[in-house]
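Only one structure is covered here, and it is reproduced in the block below.
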Amino acid sequence: MNVPSAATVGDYMTADPITIGPETGVHEAIAMLLKHQISGLPVVDEDGKVVGFLSEKDCLDAFLEAEYHESPTAFVKDLMSPEVTTVEPETGILKTAEVFSQKGFHQLPVMQQDRLVGQISRKDVIRAIQAMHSTK
């Protein structure tokens with residue numbers, strides 16, 4: 001597969017992504033994932049700084065933990081992954097596809113100068129690859 005190097009994350013990302021705060025309850029977070037049909041949300045603090053990422057898997061883990069240990073569900077801050085893998089708008093589609101393949105993520109926040117500017121999904125990358133191949 002020969003993917004043009006000119007295609008970038010910035011060409012295919014969703015600008016101004018939906019975010020969630022760390023103090024949000026897990027049930028509200030799940031409702032947001034379902035409403036917007038996405039598999040993950042960047043978690044931002046009151047200053048807009050990315051402090052984590054909440055995935056569908058994190059929500060599943062919280063549900064299982066609550067069921068098995070009969071404990072109440074938690075807040076986003078208790079479930080999110082604090083280590084966030086990100087890409088920049090200038091990152092190539094091929095490199096982004098490699099990150100998705102190696103890490104198993106479904107969504108990645110797009111950062112520019114420490115500011116959240118978008119989000120890209122596996123589907124966005126697949127759409128980009130399909131578009132690049134349909135122009136040949």
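Numbering starts fresh at 1 for the residues of each chain in the structure tokens, the chains themselves are lettered A, B, ... in the order given, and ligands are numbered from 1 as they appear.
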
| field | Picked from region 59-130 of chain A by DSSP as helix (DSSP H, G or I), as a VMD selection string | value | chain A and resid 59 to 69 76 to 79 93 to 103 122 to 130

| said: For region 75-86 of chain A, find every residue with an atom within 7 Å (counting only C-alpha atoms), except residues of its own chain fewer than 5 positions away, and show them as a PyMOL selection string. | reply: chain A and resi 22-26+51-54+58+62+108-111

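Minimum atom-to-atom distances from A:Ile129, A:Phe100, A:Val87, A:Arg122 to Gly10 (chain A) were compared using only C-alpha atoms, and the lowest value belongs to A:Val87.
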
Contacts of region 116-121 of chain A within 12 Å, only C-alpha atoms, excl. fewer than 4 positions in-chain, as a PDB file with C-alpha atoms, in the first residue's frame:
ATOM      1  CA  THR A   8      -1.951  14.326   7.528  1.00  0.00           C
ATOM      2  CA  VAL A   9      -4.018  14.011  10.674  1.00  0.00           C
ATOM      3  CA  GLY A  10      -5.089  17.631  10.209  1.00  0.00           C
ATOM      4  CA  ASP A  11      -6.768  16.695   6.938  1.00  0.00           C
ATOM      5  CA  TYR A  12      -9.001  14.046   8.546  1.00  0.00           C
ATOM      6  CA  MET A  13      -9.376  14.855  12.256  1.00  0.00           C
ATOM      7  CA  THR A  14     -12.494  16.135  13.954  1.00  0.00           C
ATOM      8  CA  ALA A  15     -11.738  19.689  15.047  1.00  0.00           C
ATOM      9  CA  ASP A  16     -12.967  20.897  18.433  1.00  0.00           C
ATOM     10  CA  PRO A  17     -13.576  17.439  19.897  1.00  0.00           C
ATOM     11  CA  ILE A  18     -16.064  16.650  22.603  1.00  0.00           C
ATOM     12  CA  THR A  19     -14.326  16.567  25.983  1.00  0.00           C
ATOM     13  CA  GLN A  37     -21.175   7.519  18.920  1.00  0.00           C
ATOM     14  CA  ILE A  38     -17.509   7.708  19.887  1.00  0.00           C
ATOM     15  CA  SER A  39     -15.276   5.261  21.702  1.00  0.00           C
ATOM     16  CA  GLY A  40     -13.298   7.683  23.838  1.00  0.00           C
ATOM     17  CA  LEU A  41     -13.060  11.206  25.204  1.00  0.00           C
ATOM     18  CA  PRO A  42     -10.150  13.457  26.109  1.00  0.00           C
ATOM     19  CA  VAL A  43     -10.390  14.456  29.771  1.00  0.00           C
ATOM     20  CA  VAL A  44      -9.617  18.129  30.333  1.00  0.00           C
ATOM     21  CA  ASP A  45      -9.263  20.191  33.476  1.00  0.00           C
ATOM     22  CA  ASP A  47      -8.037  25.278  32.173  1.00  0.00           C
ATOM     23  CA  GLY A  48      -8.600  23.077  29.105  1.00  0.00           C
ATOM     24  CA  LYS A  49      -5.427  21.064  29.673  1.00  0.00           C
ATOM     25  CA  VAL A  50      -5.620  17.378  28.708  1.00  0.00           C
ATOM     26  CA  VAL A  51      -5.179  15.354  31.910  1.00  0.00           C
ATOM     27  CA  GLY A  52      -6.298  11.952  30.678  1.00  0.00           C
ATOM     28  CA  PHE A  53      -8.336   9.919  28.250  1.00  0.00           C
ATOM     29  CA  VAL A  84      -2.246  10.005  26.935  1.00  0.00           C
ATOM     30  CA  THR A  85      -0.782   9.157  23.549  1.00  0.00           C
ATOM     31  CA  THR A  86      -1.362  12.049  21.164  1.00  0.00           C
ATOM     32  CA  VAL A  87      -0.579  13.073  17.605  1.00  0.00           C
ATOM     33  CA  GLU A  88      -0.137  16.470  15.981  1.00  0.00           C
ATOM     34  CA  PRO A  89      -2.065  17.834  12.994  1.00  0.00           C
ATOM     35  CA  GLU A  90       1.107  17.489  10.883  1.00  0.00           C
ATOM     36  CA  THR A  91       1.507  13.773  11.722  1.00  0.00           C
ATOM     37  CA  GLY A  92       1.204  11.651   8.602  1.00  0.00           C
ATOM     38  CA  ILE A  93      -1.664   9.230   8.118  1.00  0.00           C
ATOM     39  CA  THR A  96      -0.996   7.479  12.733  1.00  0.00           C
ATOM     40  CA  ALA A  97      -2.097   4.115  11.329  1.00  0.00           C
ATOM     41  CA  VAL A  99       0.163   4.090  16.308  1.00  0.00           C
ATOM     42  CA  PHE A 100      -3.380   2.693  16.111  1.00  0.00           C
ATOM     43  CA  SER A 101      -2.091  -0.712  15.035  1.00  0.00           C
ATOM     44  CA  GLY A 104      -4.718  -0.762  20.006  1.00  0.00           C
ATOM     45  CA  PHE A 105      -6.351   2.633  20.558  1.00  0.00           C
ATOM     46  CA  HIS A 106      -9.559   3.627  18.768  1.00  0.00           C
ATOM     47  CA  GLN A 107      -9.203   7.409  19.219  1.00  0.00           C
ATOM     48  CA  LEU A 108      -6.266   9.782  19.636  1.00  0.00           C
ATOM     49  CA  PRO A 109      -6.322  13.394  20.805  1.00  0.00           C
ATOM     50  CA  VAL A 110      -4.675  15.814  18.396  1.00  0.00           C
ATOM     51  CA  MET A 111      -2.466  18.367  20.139  1.00  0.00           C
ATOM     52  CA  GLN A 112      -0.753  21.482  18.850  1.00  0.00           C
ATOM     53  CA  VAL A 125      -7.561   6.933   9.161  1.00  0.00           C
ATOM     54  CA  ILE A 126      -9.295   4.193   7.185  1.00  0.00           C
ATOM     55  CA  ARG A 127     -11.349   6.880   5.409  1.00  0.00           C
ATOM     56  CA  ALA A 128      -8.107   8.708   4.574  1.00  0.00           C
TER      57      ALA A 128
END

| request: Determine which residues of chain A receive a DSSP assignment of strand (DSSP E or B), computed from the backbone, and state them as a ChimeraX atom specification. | output: /A:8,14-15,20,25,40-44,50-55,75,81,87,92,107-112,115-121

| request: Just give me the gap between CA of Glu46 (chain A) and CA of Glu28 (chain A) in Å, one decimal is fine. | output: 17.6 Å
